[in-house]
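Have a look at protein_18.cif; it's mmCIF, C-alpha atoms:
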data_coords
#
loop_
_atom_site.label_atom_id
_atom_site.label_comp_id
_atom_site.auth_asym_id
_atom_site.auth_seq_id
_atom_site.Cartn_x
_atom_site.Cartn_y
_atom_site.Cartn_z
CA MET A 1 4.28 -17.35 170.03
CA LYS A 2 2.17 -14.56 171.51
CA ARG A 3 -0.74 -12.42 170.43
CA LYS A 4 -2.84 -9.64 171.85
CA ILE A 5 -6.34 -10.60 172.89
CA PHE A 6 -9.26 -8.17 172.91
CA ALA A 7 -11.97 -9.18 175.33
CA ALA A 8 -15.41 -7.59 175.31
CA VAL A 9 -16.85 -6.97 178.75
CA GLY A 10 -20.45 -5.79 178.57
CA SER A 11 -20.39 -2.93 176.08
CA GLY A 12 -16.73 -2.14 176.80
CA LEU A 13 -13.63 -3.55 175.19
CA LEU A 14 -10.77 -4.85 177.28
CA LEU A 15 -7.31 -5.41 175.96
CA VAL A 16 -5.83 -8.36 177.76
CA ALA A 17 -2.13 -7.84 177.15
CA SER A 18 0.18 -10.29 175.40
CA LEU A 19 -0.53 -13.78 176.62
CA ALA A 20 1.17 -17.04 175.79
CA LEU A 21 -1.05 -19.21 173.61
CA SER A 22 -0.07 -22.46 175.26
CA THR A 23 0.81 -23.24 178.85
CA THR A 24 2.68 -26.37 177.80
CA ALA A 25 4.64 -25.32 174.74
CA SER A 26 5.51 -21.67 175.25
CA TRP A 27 7.26 -19.54 177.77
CA ALA A 28 7.91 -15.83 178.10
CA ALA A 29 10.00 -13.29 179.92
CA PRO A 30 7.21 -10.93 180.95
CA GLY A 31 7.41 -7.17 180.63
CA GLY A 32 10.11 -4.66 181.43
CA SER A 33 13.52 -4.01 179.96
CA GLY A 34 16.43 -6.30 180.67
CA ASN A 35 14.30 -9.06 182.19
CA SER A 36 16.15 -12.37 182.24
CA ASP A 37 13.57 -14.44 184.10
CA HIS A 38 11.64 -17.18 182.36
CA SER A 39 8.14 -18.28 183.20
CA ILE A 40 5.08 -19.94 181.74
CA LYS A 41 1.68 -18.31 181.63
CA VAL A 42 -0.66 -20.63 183.52
CA CYS A 43 -4.01 -19.73 181.95
CA ALA A 44 -4.70 -19.92 178.24
CA ALA A 45 -5.61 -16.73 176.39
CA PRO A 46 -9.16 -15.70 177.31
CA LYS A 47 -12.05 -15.59 174.91
CA ALA A 48 -14.02 -12.39 174.38
CA GLY A 49 -15.68 -11.25 177.59
CA ASP A 50 -13.35 -13.19 179.89
CA ALA A 51 -10.59 -12.20 182.30
CA ALA A 52 -7.04 -13.51 182.30
CA CYS A 53 -5.66 -15.12 185.44
CA THR A 54 -2.27 -13.75 186.46
CA ALA A 55 -0.34 -16.78 187.69
CA ARG A 56 2.98 -17.79 186.13
CA GLN A 57 5.07 -20.91 186.65
CA ALA A 58 8.82 -20.63 186.97
CA ALA A 59 10.70 -22.18 184.05
CA ASP A 60 14.30 -22.86 183.16
CA PRO A 61 15.97 -21.11 180.18
CA ASN A 62 14.70 -23.88 177.89
CA GLY A 63 11.11 -23.28 178.93
CA HIS A 64 10.76 -26.38 181.10
CA PRO A 65 8.68 -25.89 184.27
CA VAL A 66 10.52 -25.84 187.57
CA THR A 67 9.07 -28.84 189.43
CA GLY A 68 9.97 -30.85 192.49
CA ALA A 69 8.36 -34.25 191.90
CA SER A 70 8.00 -35.65 195.44
CA ALA A 71 9.25 -32.53 197.24
CA PRO A 72 9.04 -28.73 196.80
CA PRO A 73 11.67 -27.17 194.50
CA ALA A 74 14.62 -26.00 196.55
CA THR A 75 14.27 -22.52 195.02
CA GLY A 76 10.59 -22.14 195.95
CA LEU A 77 9.65 -19.72 198.74
CA THR A 78 8.42 -21.54 201.85
CA PRO A 79 5.90 -20.28 204.43
CA SER A 80 8.61 -19.63 207.02
CA GLN A 81 10.66 -17.67 204.49
CA LEU A 82 7.66 -15.62 203.38
CA GLN A 83 6.73 -14.82 206.96
CA ASN A 84 10.32 -13.89 207.76
CA ALA A 85 10.64 -11.65 204.70
CA TYR A 86 7.54 -9.66 205.62
CA LYS A 87 7.94 -9.85 209.42
CA LEU A 88 4.78 -11.88 209.90
CA THR A 89 6.32 -14.65 212.02
CA GLY A 90 4.24 -15.25 215.13
CA THR A 91 1.26 -13.17 214.00
CA SER A 92 -2.28 -14.53 214.12
CA SER A 93 -5.59 -13.58 212.54
CA GLY A 94 -7.76 -15.08 215.26
CA GLY A 95 -9.48 -17.19 212.62
CA ARG A 96 -10.56 -14.46 210.20
CA THR A 97 -11.55 -15.58 206.70
CA VAL A 98 -9.89 -14.78 203.40
CA ALA A 99 -11.98 -15.38 200.29
CA ILE A 100 -10.38 -16.43 197.00
CA VAL A 101 -12.30 -15.70 193.79
CA ASP A 102 -11.31 -17.68 190.71
CA ALA A 103 -12.98 -19.34 187.73
CA TYR A 104 -13.90 -22.97 187.08
CA GLY A 105 -13.57 -26.07 189.20
CA TYR A 106 -10.69 -27.83 190.93
CA PRO A 107 -11.97 -31.16 192.32
CA ASN A 108 -8.79 -32.00 194.25
CA LEU A 109 -8.30 -28.61 195.87
CA GLU A 110 -8.84 -29.89 199.41
CA ARG A 111 -6.55 -32.89 198.88
CA ASP A 112 -3.77 -30.79 197.38
CA LEU A 113 -4.05 -28.10 200.05
CA ALA A 114 -3.70 -30.81 202.69
CA THR A 115 -0.47 -32.00 201.05
CA TYR A 116 0.92 -28.45 200.99
CA ARG A 117 0.08 -27.69 204.59
CA SER A 118 1.35 -31.05 205.85
CA GLN A 119 4.66 -30.58 204.03
CA PHE A 120 5.32 -27.32 205.86
CA GLY A 121 3.87 -28.25 209.23
CA LEU A 122 0.86 -25.96 209.00
CA PRO A 123 -2.35 -26.83 210.85
CA ALA A 124 -4.92 -28.80 208.87
CA CYS A 125 -7.40 -26.71 206.90
CA THR A 126 -10.28 -28.91 205.76
CA THR A 127 -13.97 -28.69 205.03
CA SER A 128 -14.67 -30.98 207.99
CA ASN A 129 -12.89 -28.80 210.55
CA GLY A 130 -14.51 -25.64 209.21
CA CYS A 131 -11.30 -23.99 208.00
CA LEU A 132 -11.96 -24.53 204.28
CA SER A 133 -15.08 -23.95 202.23
CA ILE A 134 -15.43 -24.38 198.46
CA ARG A 135 -18.51 -22.87 196.82
CA ASP A 136 -19.90 -21.95 193.44
CA GLU A 137 -20.31 -18.30 192.44
CA ASN A 138 -23.70 -18.12 194.14
CA GLY A 139 -22.50 -19.71 197.36
CA GLY A 140 -23.88 -23.18 196.62
CA THR A 141 -22.37 -26.59 195.94
CA ARG A 142 -22.89 -26.88 192.16
CA LEU A 143 -19.21 -26.50 191.40
CA PRO A 144 -18.18 -25.74 187.81
CA ARG A 145 -16.25 -27.91 185.39
CA PHE A 146 -12.51 -28.42 185.75
CA ASN A 147 -10.07 -26.12 183.97
CA LEU A 148 -6.38 -26.90 184.40
CA GLY A 149 -4.99 -23.37 184.15
CA TRP A 150 -7.47 -21.86 186.58
CA ALA A 151 -7.05 -24.83 188.92
CA GLN A 152 -3.32 -24.10 189.01
CA GLU A 153 -4.22 -20.49 189.78
CA GLN A 154 -6.36 -21.66 192.68
CA SER A 155 -3.57 -23.83 194.05
CA LEU A 156 -1.24 -20.83 194.12
CA ASP A 157 -3.89 -18.68 195.80
CA VAL A 158 -4.79 -21.06 198.63
CA ASP A 159 -1.16 -21.97 199.24
CA ALA A 160 -0.23 -18.26 199.39
CA VAL A 161 -2.93 -17.57 202.00
CA SER A 162 -1.74 -20.61 203.96
CA ALA A 163 1.86 -19.43 203.81
CA ALA A 164 1.14 -15.88 204.95
CA CYS A 165 -1.63 -16.59 207.46
CA ALA A 166 -1.62 -20.16 208.74
CA ASP A 167 -4.66 -19.66 210.99
CA CYS A 168 -6.81 -17.86 208.43
CA LYS A 169 -9.92 -19.66 207.28
CA ILE A 170 -10.22 -19.91 203.51
CA VAL A 171 -13.33 -19.81 201.34
CA VAL A 172 -12.88 -20.42 197.62
CA LEU A 173 -15.54 -19.10 195.24
CA GLN A 174 -15.40 -20.86 191.86
CA ALA A 175 -17.12 -18.83 189.16
CA ASN A 176 -18.91 -20.66 186.36
CA SER A 177 -16.62 -19.04 183.82
CA ALA A 178 -13.88 -16.44 183.54
CA SER A 179 -16.32 -13.73 182.46
CA PHE A 180 -16.27 -10.57 184.51
CA THR A 181 -19.97 -11.06 185.23
CA ASP A 182 -19.42 -14.50 186.76
CA LEU A 183 -16.26 -13.49 188.62
CA GLY A 184 -17.96 -10.34 189.87
CA THR A 185 -20.95 -12.34 191.06
CA ALA A 186 -18.57 -14.54 193.04
CA VAL A 187 -17.03 -11.46 194.68
CA GLN A 188 -20.50 -10.23 195.67
CA THR A 189 -21.26 -13.65 197.15
CA ALA A 190 -17.97 -13.70 199.06
CA ALA A 191 -18.74 -10.31 200.62
CA LYS A 192 -21.94 -11.74 202.13
CA ILE A 193 -20.27 -14.72 203.81
CA PRO A 194 -19.94 -14.23 207.59
CA GLY A 195 -16.36 -13.86 208.76
CA VAL A 196 -14.88 -12.79 205.40
CA VAL A 197 -12.62 -9.78 205.93
CA ALA A 198 -10.60 -9.92 202.69
CA ILE A 199 -11.29 -11.02 199.11
CA SER A 200 -8.43 -11.73 196.70
CA ASN A 201 -8.80 -11.44 192.91
CA SER A 202 -5.89 -12.74 190.83
CA TYR A 203 -7.14 -11.82 187.38
CA GLY A 204 -7.73 -8.80 185.17
CA GLY A 205 -7.94 -7.05 181.84
CA SER A 206 -7.21 -3.46 180.81
CA ASP A 207 -8.85 -0.36 182.24
CA ALA A 208 -12.62 -0.41 182.77
CA ALA A 209 -15.06 1.93 184.50
CA ASP A 210 -16.30 1.62 188.04
CA SER A 211 -19.52 3.20 186.84
CA THR A 212 -20.17 -0.07 185.01
CA TYR A 213 -18.32 -2.75 186.97
CA GLY A 214 -17.67 -1.20 190.37
CA LYS A 215 -20.76 -2.82 191.90
CA TYR A 216 -18.81 -6.07 191.93
CA TYR A 217 -15.97 -4.67 194.09
CA LYS A 218 -17.54 -1.89 196.17
CA PHE A 219 -17.42 -3.20 199.74
CA PRO A 220 -16.25 -0.76 202.42
CA GLY A 221 -15.19 -2.69 205.49
CA ILE A 222 -13.79 -5.61 203.45
CA ALA A 223 -10.29 -5.58 201.96
CA VAL A 224 -10.73 -6.37 198.26
CA THR A 225 -7.33 -6.94 196.62
CA ALA A 226 -6.55 -7.31 192.92
CA SER A 227 -3.46 -8.30 190.95
CA ALA A 228 -1.84 -5.62 188.79
CA GLY A 229 -1.10 -7.96 185.87
CA ASP A 230 2.02 -9.70 184.57
CA ASN A 231 2.95 -7.94 181.34
CA GLY A 232 5.06 -5.06 182.57
CA TYR A 233 4.10 -1.41 182.23
CA GLN A 234 0.99 -1.45 180.04
CA GLY A 235 -1.25 1.13 181.73
CA ALA A 236 -4.15 0.41 184.04
CA SER A 237 -5.65 -3.06 184.55
CA TYR A 238 -9.14 -3.72 185.91
CA PRO A 239 -10.18 -4.54 188.63
CA ALA A 240 -6.84 -3.33 190.06
CA SER A 241 -7.66 0.08 188.56
CA SER A 242 -10.93 0.26 190.49
CA SER A 243 -11.16 2.99 193.11
CA TYR A 244 -12.64 0.41 195.49
CA VAL A 245 -9.84 -2.18 195.61
CA THR A 246 -6.25 -2.43 196.83
CA ALA A 247 -4.11 -2.66 193.72
CA VAL A 248 -1.20 -5.05 194.29
CA GLY A 249 2.04 -4.90 192.33
CA GLY A 250 4.94 -7.33 192.28
CA THR A 251 8.54 -7.60 193.41
CA SER A 252 11.55 -9.85 193.05
CA LEU A 253 12.47 -11.13 196.50
CA VAL A 254 15.86 -12.67 197.28
CA ALA A 255 17.78 -13.54 200.44
CA ALA A 256 20.46 -11.00 201.29
CA SER A 257 23.19 -10.37 203.85
CA ASN A 258 21.63 -7.19 205.21
CA ALA A 259 19.80 -6.35 208.42
CA ARG A 260 16.46 -7.45 207.03
CA GLY A 261 17.87 -10.61 205.49
CA TRP A 262 16.08 -9.96 202.20
CA SER A 263 16.36 -7.65 199.23
CA GLU A 264 13.51 -6.54 196.97
CA SER A 265 13.33 -4.79 193.64
CA VAL A 266 10.61 -4.27 191.04
CA TRP A 267 9.60 -7.48 189.27
CA THR A 268 9.83 -6.48 185.64
CA GLY A 269 6.58 -8.30 184.86
CA THR A 270 4.36 -6.39 187.27
CA GLY A 271 1.66 -4.16 185.85
CA SER A 272 1.27 -0.48 186.74
CA GLY A 273 -0.31 2.63 185.30
CA CYS A 274 -3.01 5.30 185.54
CA SER A 275 -6.72 4.81 185.02
CA SER A 276 -8.38 7.21 182.62
CA LEU A 277 -11.82 6.05 183.77
CA ASN A 278 -11.75 5.93 187.58
CA ALA A 279 -11.23 8.55 190.25
CA ALA A 280 -7.96 9.07 192.11
CA LEU A 281 -7.89 7.90 195.71
CA SER A 282 -8.28 10.86 198.04
CA ALA A 283 -5.97 9.07 200.49
CA ALA A 284 -3.19 9.26 197.90
CA SER A 285 -3.58 12.98 197.21
CA SER A 286 -0.40 13.93 199.09
CA TYR A 287 1.69 11.48 197.07
CA ASN A 288 3.17 12.40 193.73
CA THR A 289 1.58 9.74 191.57
CA GLY A 290 1.55 11.86 188.42
CA CYS A 291 -1.88 10.42 187.59
CA ALA A 292 -4.99 12.53 187.12
CA GLY A 293 -7.14 9.50 187.96
CA ARG A 294 -6.68 6.27 189.88
CA ALA A 295 -3.00 5.33 190.20
CA MET A 296 -1.78 1.73 190.31
CA ASN A 297 -0.41 0.36 192.59
CA ASP A 298 -1.07 0.81 196.31
CA VAL A 299 1.26 -1.88 197.72
CA ALA A 300 3.20 -4.90 196.48
CA ALA A 301 4.51 -8.34 197.41
CA ALA A 302 6.63 -11.15 195.97
CA SER A 303 5.64 -12.05 192.40
CA ASP A 304 8.74 -12.96 190.39
CA PRO A 305 8.25 -16.67 189.58
CA ASN A 306 12.01 -17.29 189.73
CA ASN A 307 13.04 -14.96 192.55
CA GLY A 308 10.38 -15.14 195.23
CA GLY A 309 8.08 -17.60 193.50
CA LEU A 310 6.18 -19.72 196.01
CA ALA A 311 6.59 -23.48 196.32
CA VAL A 312 3.12 -24.80 195.40
CA TYR A 313 1.47 -28.21 195.25
CA TYR A 314 -0.52 -27.93 192.03
CA PRO A 315 -2.58 -30.05 189.62
CA THR A 316 -1.12 -31.35 186.39
CA SER A 317 -4.45 -32.90 185.36
CA SER A 318 -7.90 -33.44 186.84
CA ALA A 319 -6.48 -36.43 188.77
CA ASN A 320 -2.77 -35.79 189.40
CA SER A 321 -0.71 -33.14 191.19
CA THR A 322 2.93 -32.38 191.94
CA TRP A 323 5.25 -29.72 193.32
CA GLY A 324 6.22 -26.61 191.39
CA GLN A 325 7.17 -22.95 191.76
CA PHE A 326 4.67 -20.21 190.94
CA GLY A 327 4.52 -16.44 190.94
CA GLY A 328 3.00 -13.57 189.04
CA THR A 329 0.98 -10.86 190.75
CA SER A 330 -1.42 -13.73 191.45
CA GLU A 331 0.99 -14.56 194.27
CA ALA A 332 0.98 -11.01 195.62
CA SER A 333 -2.77 -10.43 195.81
CA PRO A 334 -3.57 -13.29 198.26
CA ILE A 335 -0.49 -12.41 200.32
CA ILE A 336 -1.74 -8.86 200.80
CA ALA A 337 -5.30 -10.07 201.48
CA SER A 338 -3.82 -12.29 204.19
CA VAL A 339 -1.90 -9.42 205.77
CA TYR A 340 -5.13 -7.42 205.96
CA ALA A 341 -6.68 -10.43 207.73
CA LEU A 342 -3.77 -10.65 210.14
CA ASN A 343 -4.12 -6.97 210.98
CA GLY A 344 -7.92 -7.02 211.20
CA ASN A 345 -8.29 -3.39 210.08
CA THR A 346 -10.14 -3.52 206.78
CA GLY A 347 -11.99 -0.21 206.78
CA SER A 348 -15.57 0.38 207.85
CA ALA A 349 -18.93 -0.16 206.22
CA ALA A 350 -20.49 2.25 208.72
CA THR A 351 -18.24 5.14 207.70
CA GLY A 352 -17.76 4.08 204.07
CA THR A 353 -14.02 3.59 204.55
CA TYR A 354 -12.35 1.41 201.94
CA ALA A 355 -9.38 -0.74 202.89
CA ASN A 356 -7.27 0.70 200.06
CA SER A 357 -7.06 4.02 201.91
CA LEU A 358 -5.42 2.52 205.00
CA PRO A 359 -1.84 2.02 203.74
CA TYR A 360 -1.57 5.73 202.85
CA GLY A 361 -2.00 6.58 206.51
CA HIS A 362 0.79 4.19 207.53
CA SER A 363 3.33 4.58 204.75
CA GLY A 364 6.24 4.31 207.18
CA SER A 365 5.25 0.74 207.99
CA PHE A 366 6.34 -0.73 204.65
CA PHE A 367 9.58 -1.87 203.12
CA ASP A 368 10.12 0.83 200.52
CA VAL A 369 11.22 -0.72 197.21
CA THR A 370 13.55 1.75 195.52
CA SER A 371 15.20 -0.13 192.64
CA GLY A 372 14.08 -1.62 189.35
CA ASN A 373 11.52 -0.89 186.66
CA ASN A 374 8.83 -2.64 184.65
CA GLY A 375 9.27 -0.89 181.32
CA THR A 376 9.41 2.57 179.75
CA CYS A 377 7.01 5.37 180.61
CA THR A 378 6.64 9.12 180.09
CA THR A 379 6.39 9.85 183.82
CA SER A 380 9.20 8.09 185.65
CA GLN A 381 7.35 7.02 188.80
CA TRP A 382 4.75 5.13 186.79
CA CYS A 383 7.27 2.43 185.86
CA THR A 384 10.43 3.06 187.90
CA ALA A 385 10.91 2.48 191.61
CA GLY A 386 12.02 5.31 193.87
CA THR A 387 11.75 6.56 197.42
CA GLY A 388 8.13 6.76 198.53
CA TRP A 389 5.26 5.87 196.19
CA ASP A 390 5.91 4.43 192.75
CA GLY A 391 3.67 2.67 190.27
CA PRO A 392 5.20 -0.83 190.23
CA THR A 393 5.30 -1.27 194.01
CA GLY A 394 3.07 1.46 195.45
CA LEU A 395 4.08 2.32 199.00
CA GLY A 396 6.13 -0.86 199.27
CA THR A 397 5.81 -4.35 200.73
CA PRO A 398 4.61 -5.45 204.20
CA ASN A 399 6.86 -4.82 207.19
CA GLY A 400 4.66 -6.65 209.64
CA THR A 401 0.97 -5.73 209.67
CA GLY A 402 1.28 -2.11 210.76
CA GLY A 403 0.80 -0.66 207.28
CA PHE A 404 -2.78 -1.89 207.06
#
Take the structure I supplied and represent it as structure tokens, if you would.
Amino acid sequence: MKRKIFAAVGSGLLLVASLALSTTASWAAPGGSGNSDHSIKVCAAPKAGDAACTARQAADPNGHPVTGASAPPATGLTPSQLQNAYKLTGTSSGGRTVAIVDAYGYPNLERDLATYRSQFGLPACTTSNGCLSIRDENGGTRLPRFNLGWAQEQSLDVDAVSAACADCKIVVLQANSASFTDLGTAVQTAAKIPGVVAISNSYGGSDAADSTYGKYYKFPGIAVTASAGDNGYQGASYPASSSYVTAVGGTSLVAASNARGWSESVWTGTGSGCSSLNAALSAASSYNTGCAGRAMNDVAAASDPNNGGLAVYYPTSSANSTWGQFGGTSEASPIIASVYALNGNTGSAATGTYANSLPYGHSGSFFDVTSGNNGTCTTSQWCTAGTGWDGPTGLGTPNGTGGF
């Protein structure tokens, strides 16, 4: 069973698109026409004033989660596969920091991250060695209460950063709640932490104005990424629709017998659309977006929970964890934040250059996704892939770090 949830943010009203009411008893094939994938919405429907996290867990046709008990599911994307798909093998960030902003607490985050990284032979990332930091929304140590759905979101986010950028440091900001005020405060805190070059936000609602909420995401010189949403073509989603962030769409990623070794198409669940409230990016002016205002998306990465979903070690309760397979555009946002960190070019505070402008100057350095759609729209490129820019996948997916 599904319903539409209206969430008030300040004086505005956000429509958080169709969300499953229960993460344990319901599953959905998100968005788009002809979608045959099954997945479970991780976070429960938000209350008024809150954001929805955008993680989804892969499920079988009967709605049962894809899990691996003592080992990762065989179908889950591994770090080496992810790096190979996006030509990141052998790259290094030099120890740059990616910040993850989510809501609520996750007391076993460090333990579970250690299990994930050990499984795949990644270097240890702990609070004691300085690689990992977990803070409240104000940068302190008064961590918020546990919430299972958002903890599962956090597990996907930190595992995705680890998979894409093994030497990146990770700082997790846990907001007191899923309200846009608390989440935005956490983003502002992250931007002040020394060494942070990218901030990933795997949550959203429908379109909102930068004139009201942009202060939370306006950081030239830092790559702020945001998930496009998981309900197919529904129009713009904030903060991905902000003129200050890199809007990240989603793809289905599968191994293929071609020169690249991989094939990508639009994930039918990815969000896309035009903002009626925020300005178009000047960097995108030479691209035919068809939007009068801000066009989503700029770039994309793997998001389909079943085809490109990441193997994740995730919590099943406040005490226990296991292996599963997760996707959604929650997977894509931290991947793209990590690629920015690997590249090191994240714009400039001195010149007021935002990181979302950079891909438009390097459009030839992406894998152009030219097949698939995420629904029905009046202007074809808003929901249908094609050569060059399109709404679901933007300029495409990373081909190394040269596009950033």
Residues matched by the PyMOL selection byres ((chain A and resi 400) around 7), written as a list in words: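 Selection result, ordered by chain and number: Tyr86, Lys87, Leu88, Pro398, Asn399, Thr401 and Gly402 of chain A.
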Dump of C-alpha atoms for the selected residues, as a PDB file, in the frame of the given file:
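Saved result, out08.pdb, follows:
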ATOM      1  CA  TYR A  86       7.540  -9.660 205.620  1.00  0.00           C
ATOM      2  CA  LYS A  87       7.940  -9.850 209.420  1.00  0.00           C
ATOM      3  CA  LEU A  88       4.780 -11.880 209.900  1.00  0.00           C
ATOM      4  CA  PRO A 398       4.610  -5.450 204.200  1.00  0.00           C
ATOM      5  CA  ASN A 399       6.860  -4.820 207.190  1.00  0.00           C
ATOM      6  CA  THR A 401       0.970  -5.730 209.670  1.00  0.00           C
ATOM      7  CA  GLY A 402       1.280  -2.110 210.760  1.00  0.00           C
TER       8      GLY A 402
END
Selection result for the PyMOL selection byres ((chain A and resi 282) around 10) on this file, as a ChimeraX atom specification: /A:243,279-281,283-286,294,357,360
Exercise: stretch 116-127 of chain A partners within 7 Å, only C-alpha atoms, chain neighbours under 6 positions left out, as a list in words: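 Contacts, with the query itself left out: Glu110, Ser133, Ala166 and Tyr313 of chain A.
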Minimum-distance residue to A:Gly364, chosen among A:Thr397, A:Gln381, A:Ser200, A:Ser333 (using all atoms listed in the file): A:Thr397
Residues matched by the PyMOL selection byres ((chain A and resi 253) around 6), written as a list in words: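 That selection, the PyMOL selection byres ((chain A and resi 253) around 6), comes back as Ser252, Val254, Ser263, Glu264, Ala302, Asn307 and Gly308 of chain A.
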Nearby residues (all atoms listed in the file) at most 12 Å from A:Ser275, same-chain spacing under 4 positions excluded, as JSON, numbers by chain: {"A": [206, 207, 208, 209, 210, 234, 235, 236, 237, 238, 239, 240, 241, 242, 243, 247, 279, 280, 281, 289, 290, 291, 292, 293, 294, 295, 296, 297, 382, 391]}
Deliver the residues from the most recent selection as a file, using C-alpha atoms, as a short mmCIF file (atom, residue, chain, number, x, y, z; two decimals), keeping the file's coordinate frame.
data_model
loop_
_atom_site.label_atom_id
_atom_site.label_comp_id
_atom_site.auth_asym_id
_atom_site.auth_seq_id
_atom_site.Cartn_x
_atom_site.Cartn_y
_atom_site.Cartn_z
CA SER A 206 -7.21 -3.46 180.81
CA ASP A 207 -8.85 -0.36 182.24
CA ALA A 208 -12.62 -0.41 182.77
CA ALA A 209 -15.06 1.93 184.50
CA ASP A 210 -16.30 1.62 188.04
CA GLN A 234 0.99 -1.45 180.04
CA GLY A 235 -1.25 1.13 181.73
CA ALA A 236 -4.15 0.41 184.04
CA SER A 237 -5.65 -3.06 184.55
CA TYR A 238 -9.14 -3.72 185.91
CA PRO A 239 -10.18 -4.54 188.63
CA ALA A 240 -6.84 -3.33 190.06
CA SER A 241 -7.66 0.08 188.56
CA SER A 242 -10.93 0.26 190.49
CA SER A 243 -11.16 2.99 193.11
CA ALA A 247 -4.11 -2.66 193.72
CA ALA A 279 -11.23 8.55 190.25
CA ALA A 280 -7.96 9.07 192.11
CA LEU A 281 -7.89 7.90 195.71
CA THR A 289 1.58 9.74 191.57
CA GLY A 290 1.55 11.86 188.42
CA CYS A 291 -1.88 10.42 187.59
CA ALA A 292 -4.99 12.53 187.12
CA GLY A 293 -7.14 9.50 187.96
CA ARG A 294 -6.68 6.27 189.88
CA ALA A 295 -3.00 5.33 190.20
CA MET A 296 -1.78 1.73 190.31
CA ASN A 297 -0.41 0.36 192.59
CA TRP A 382 4.75 5.13 186.79
CA GLY A 391 3.67 2.67 190.27
#
Residues of stretch 39-81 of chain A within 7 Å of stretch 147-162 of chain A: nearest atom pair and distance (Å, one decimal) for each, counting all atoms listed in the file, sorted by chain and number, as a tab-separated table?
residue	atom	partner	partner_atom	distance
A:Val42	CA	A:Gly149	CA	5.2
A:Cys43	CA	A:Gly149	CA	4.4
A:Ala44	CA	A:Gly149	CA	6.8
A:Ala55	CA	A:Glu153	CA	5.8
Best match for closeness to A:Gln83 among A:Gly269, A:Gly214, A:Gly396, A:Gly261, counting all atoms listed in the file: A:Gly261
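Using only C-alpha atoms, the nearest neighbour of A:Cys165 within the list A:Gly94, A:Gly271, A:Gly205, A:Pro107 is A:Gly94.
We find atom CA of A:Lys41 and atom CA of A:Thr78 to be spaced 21.6 Å apart.
The residue that comes closest to A:Ser211, out of A:Leu277, A:Ala58, A:Ala45, A:Ala74 and on the basis of all atoms listed in the file, is A:Leu277.
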Gap from atom CA of A:Val98 to atom CA of A:Thr346 - Å, one decimal: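 Atom CA of A:Thr346 lies at a distance of 11.8 Å from atom CA of A:Val98.
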From A:Phe366, A:Tyr217, A:Trp389, A:Trp262, residue lying nearest A:Thr189 [all atoms listed in the file]: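 Among the listed residues, the smallest separation from A:Thr189 belongs to A:Tyr217.
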